[in-house]
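Trainee: upload_12.txt (compact mmCIF, C-alpha atoms) pasted underneath:
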```txt
# COMPACT_ATOMS: atom_id res chain seq x y z
CA GLN A 8 0.00 0.00 0.00
CA VAL A 9 1.05 3.54 -0.76
CA GLN A 10 -0.59 6.55 0.84
CA LEU A 11 -0.51 9.92 -0.90
CA VAL A 12 -1.25 13.31 0.61
CA GLU A 13 -1.41 16.44 -1.54
CA SER A 14 -0.98 19.99 -0.31
CA GLY A 15 -0.37 23.47 -1.64
CA GLY A 16 -3.59 24.25 -3.44
CA GLY A 17 -5.38 27.56 -3.10
CA LEU A 18 -6.72 30.65 -4.80
CA VAL A 19 -4.45 32.64 -7.09
CA GLN A 20 -4.90 35.32 -9.72
CA ALA A 21 -4.28 34.62 -13.37
CA GLY A 22 -0.57 34.81 -14.11
CA GLY A 23 0.35 33.73 -10.61
CA SER A 24 2.10 30.61 -9.34
CA LEU A 25 1.46 27.74 -6.98
CA ARG A 26 3.49 24.73 -5.93
CA LEU A 27 1.72 21.51 -5.10
CA SER A 28 3.32 18.76 -3.06
CA CYS A 29 2.45 15.10 -2.82
CA ALA A 30 3.98 13.15 0.05
CA ALA A 31 4.07 9.38 -0.28
CA SER A 32 4.25 6.91 2.57
CA GLY A 33 4.00 3.16 2.97
CA ARG A 34 5.58 0.85 0.39
CA THR A 35 7.20 3.72 -1.46
CA PHE A 36 10.15 1.62 -2.59
CA SER A 37 7.81 -0.02 -5.08
CA THR A 38 6.88 3.27 -6.76
CA TYR A 39 7.62 3.33 -10.48
CA GLY A 40 5.84 6.42 -11.75
CA MET A 41 4.06 9.38 -10.19
CA GLY A 42 1.51 11.50 -11.96
CA TRP A 43 -0.65 14.57 -11.52
CA PHE A 44 -4.18 14.65 -12.87
CA ARG A 45 -6.87 17.28 -12.57
CA GLN A 46 -10.62 17.37 -12.71
CA ALA A 47 -12.70 20.47 -13.29
CA PRO A 48 -16.43 20.56 -12.45
CA GLY A 49 -18.45 18.66 -15.02
CA LYS A 50 -15.38 17.38 -16.82
CA GLU A 51 -13.44 14.13 -17.01
CA ARG A 52 -10.27 13.67 -15.01
CA GLU A 53 -7.38 14.60 -17.26
CA PHE A 54 -3.67 13.96 -17.29
CA VAL A 55 -1.39 16.87 -16.44
CA THR A 56 2.14 15.53 -15.96
CA ALA A 57 4.09 12.52 -14.74
CA ILE A 58 7.59 11.52 -13.73
CA ASN A 59 9.46 8.24 -13.74
CA TRP A 60 10.34 7.91 -10.08
CA ARG A 61 13.61 6.11 -10.70
CA GLY A 62 14.98 7.68 -13.87
CA GLY A 63 13.38 11.09 -13.65
CA SER A 64 11.92 11.22 -17.17
CA THR A 65 9.02 13.64 -17.35
CA TYR A 66 5.85 13.84 -19.42
CA TYR A 67 3.46 16.76 -19.92
CA THR A 68 0.16 17.42 -21.57
CA ASP A 69 0.46 20.13 -24.22
CA PRO A 70 -1.59 22.86 -22.46
CA VAL A 71 0.83 22.98 -19.53
CA LYS A 72 4.15 22.61 -21.33
CA GLY A 73 6.44 25.51 -20.53
CA ARG A 74 4.30 26.57 -17.55
CA PHE A 75 4.26 23.54 -15.23
CA THR A 76 7.23 21.57 -13.93
CA ILE A 77 7.13 18.23 -12.16
CA SER A 78 9.99 17.17 -9.92
CA ARG A 79 10.70 14.66 -7.20
CA ASP A 80 12.71 14.33 -4.03
CA THR A 81 13.37 10.64 -3.56
CA ALA A 82 14.82 11.16 -0.08
CA LYS A 83 11.57 12.77 1.06
CA ASN A 84 9.31 10.52 -1.05
CA THR A 85 7.68 13.66 -2.36
CA VAL A 86 6.69 14.82 -5.83
CA TYR A 87 6.14 18.48 -6.63
CA LEU A 88 4.18 20.37 -9.25
CA GLN A 89 5.36 23.92 -9.84
CA MET A 90 2.67 25.81 -11.71
CA ASN A 91 3.52 29.18 -13.24
CA SER A 92 1.57 31.54 -15.48
CA LEU A 93 -1.66 30.07 -14.21
CA ARG A 94 -4.83 30.55 -16.22
CA PRO A 95 -8.50 30.36 -15.22
CA GLU A 96 -8.78 27.16 -17.24
CA ASP A 97 -6.28 25.54 -14.87
CA THR A 98 -8.93 25.67 -12.14
CA ALA A 99 -9.59 22.13 -10.95
CA VAL A 100 -9.03 19.63 -8.18
CA TYR A 101 -5.51 18.30 -8.62
CA TYR A 102 -4.74 14.69 -7.72
CA CYS A 103 -1.44 12.90 -7.46
CA ALA A 104 -1.23 9.22 -8.23
CA ALA A 105 1.30 6.41 -7.96
CA ASN A 106 2.04 3.48 -10.24
CA VAL A 107 3.80 0.54 -8.60
CA ALA A 108 3.49 -2.07 -11.34
CA GLY A 109 6.05 -0.51 -13.65
CA TRP A 110 5.85 -2.83 -16.62
CA ASP A 111 2.48 -1.53 -17.83
CA TRP A 112 2.84 2.13 -16.88
CA VAL A 113 1.47 4.59 -19.40
CA PRO A 114 1.96 8.03 -17.82
CA SER A 115 -1.21 9.62 -19.21
CA ARG A 116 -3.60 6.77 -18.42
CA PRO A 117 -5.34 7.13 -15.02
CA GLU A 118 -6.25 3.44 -14.93
CA LYS A 119 -2.50 2.62 -14.76
CA TYR A 120 -2.22 4.21 -11.32
CA ALA A 121 -3.18 2.10 -8.32
CA TYR A 122 -2.99 4.77 -5.62
CA TRP A 123 -4.49 8.23 -5.47
CA GLY A 124 -4.41 11.17 -3.11
CA GLN A 125 -7.49 12.97 -1.86
CA GLY A 126 -6.97 15.96 -4.14
CA THR A 127 -6.28 19.64 -3.59
CA GLN A 128 -8.28 22.51 -5.03
CA VAL A 129 -6.61 25.03 -7.31
CA THR A 130 -8.66 28.06 -8.24
CA VAL A 131 -7.36 30.68 -10.68
CA SER A 132 -9.31 33.92 -10.84
CA SER A 133 -9.35 36.13 -13.91
```
Translate this file's structure into structure tokens.
Mentor:
Amino acid sequence: QVQLVESGGGLVQAGGSLRLSCAASGRTFSTYGMGWFRQAPGKEREFVTAINWRGGSTYYTDPVKGRFTISRDTAKNTVYLQMNSLRPEDTAVYYCAANVAGWDWVPSRPEKYAYWGQGTQVTVSS
């Protein structure tokens, strides 16, 4: 089992920045990939970014490229999402997720993540 706890959400004006954190506990040594997803009201959960926990390769959805950065601190078992130049359309609940299987990990596919955090609200005002 892996437990994930997100923090760092809040209200920010358009053009501002936020940094989300996701602290993992439990069987963290089995983590292969970590991802961030978001879900806006009335919309499907969508992929934002992911990182290979061991090698550090990163993946981004096009709308956030150049604005968001995912990183990890393996010593702290924590993944971060630095969000700059925020836009109102970035408003959503942001979830972090962990993949522990490895062999079948597809970063953008939510069904490939076995563990999820409770989510943190990000609201960007215009």
Trainee: Figure out the distance between CA of Ser24 (chain A) and CA of Gln89 (chain A), please, to one decimal in Å.
Mentor: 7.5 Å
Trainee: Could you pull the residues within 6 Å of region 11-15 of chain A, counting only C-alpha atoms, minus those fewer than 3 positions along the same chain, as an MDAnalysis selection string?
Mentor: chainID A and resid 26:31 124
Trainee: Would you list the residues near (2.7, 2.1, -9.6) (no more than 8 Å away, in the coordinates of the file, using only C-alpha atoms) as a PyMOL selection string?
Mentor: chain A and resi 37-41+105-109+112+119-122
Trainee: Please provide the set of residues having any atom within 9 Å of Gly17 (chain A), restricted to all atoms listed in the file, with same-chain residues fewer than 5 positions apart removed, written as a list in words.
Mentor: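 Here the qualifying residues turn out to be Leu25, Thr127, Gln128, Val129, Thr130 and Val131 of chain A.
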Trainee: Looking at all atoms listed in the file, which of A:Thr81, A:Ser132, A:Gly73, A:Pro114 is the one that sits closest to Phe54 (chain A)?
Mentor: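 Looking only at the distances to Phe54 (chain A), the closest residue turns out to be A:Pro114.
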Trainee: So how many Å separate CA of Thr68 (chain A) and CA of Phe36 (chain A), to one decimal?
Mentor: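 One can read the CA of Thr68 (chain A) to CA of Phe36 (chain A) distance as 26.6 Å.
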Trainee: Ranking A:Phe75, A:Trp43, A:Trp60, A:Tyr87 by minimum distance to Trp123 (chain A) and counting only C-alpha atoms, which one comes first?
Mentor: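 Smallest distance to Trp123 (chain A) is found for A:Trp43.
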Trainee: Would you mind reading off the distance between CA of Pro117 (chain A) and CA of Gly42 (chain A), one decimal, in Å?
Mentor: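 Pair CA of Pro117 (chain A) / CA of Gly42 (chain A) returns 8.7 Å.
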Trainee: Find, counting all atoms listed in the file, the residue in A:Trp110, A:Arg61, A:Glu118, A:Gln20 that gets nearest to Ala82 (chain A).
Mentor: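 Ranking A:Trp110, A:Arg61, A:Glu118, A:Gln20 by distance to Ala82 (chain A), first place goes to A:Arg61.
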Trainee: Need the shell around Thr65 (chain A): protein/DNA/RNA residues with any atom at most 9 Å away, counting only C-alpha atoms. Skip same-chain ones fewer than 3 positions apart. Format as a PyMOL selection string?
Mentor: chain A and resi 56-59+76-78
Trainee: Considering all atoms listed in the file, can you say which of A:Ala99, A:Val71, A:Val86, A:Ala47 comes closest to Ser32 (chain A)?
Mentor: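 With all atoms listed in the file as the atom set, the closest residue is A:Val86.
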Trainee: Which of these, A:Val55, A:Ala21, A:Cys103, A:Leu93, has the shortest distance to Val9 (chain A) once you count only C-alpha atoms?
Mentor: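 Comparing A:Val55, A:Ala21, A:Cys103, A:Leu93 against Val9 (chain A), the winner is A:Cys103.
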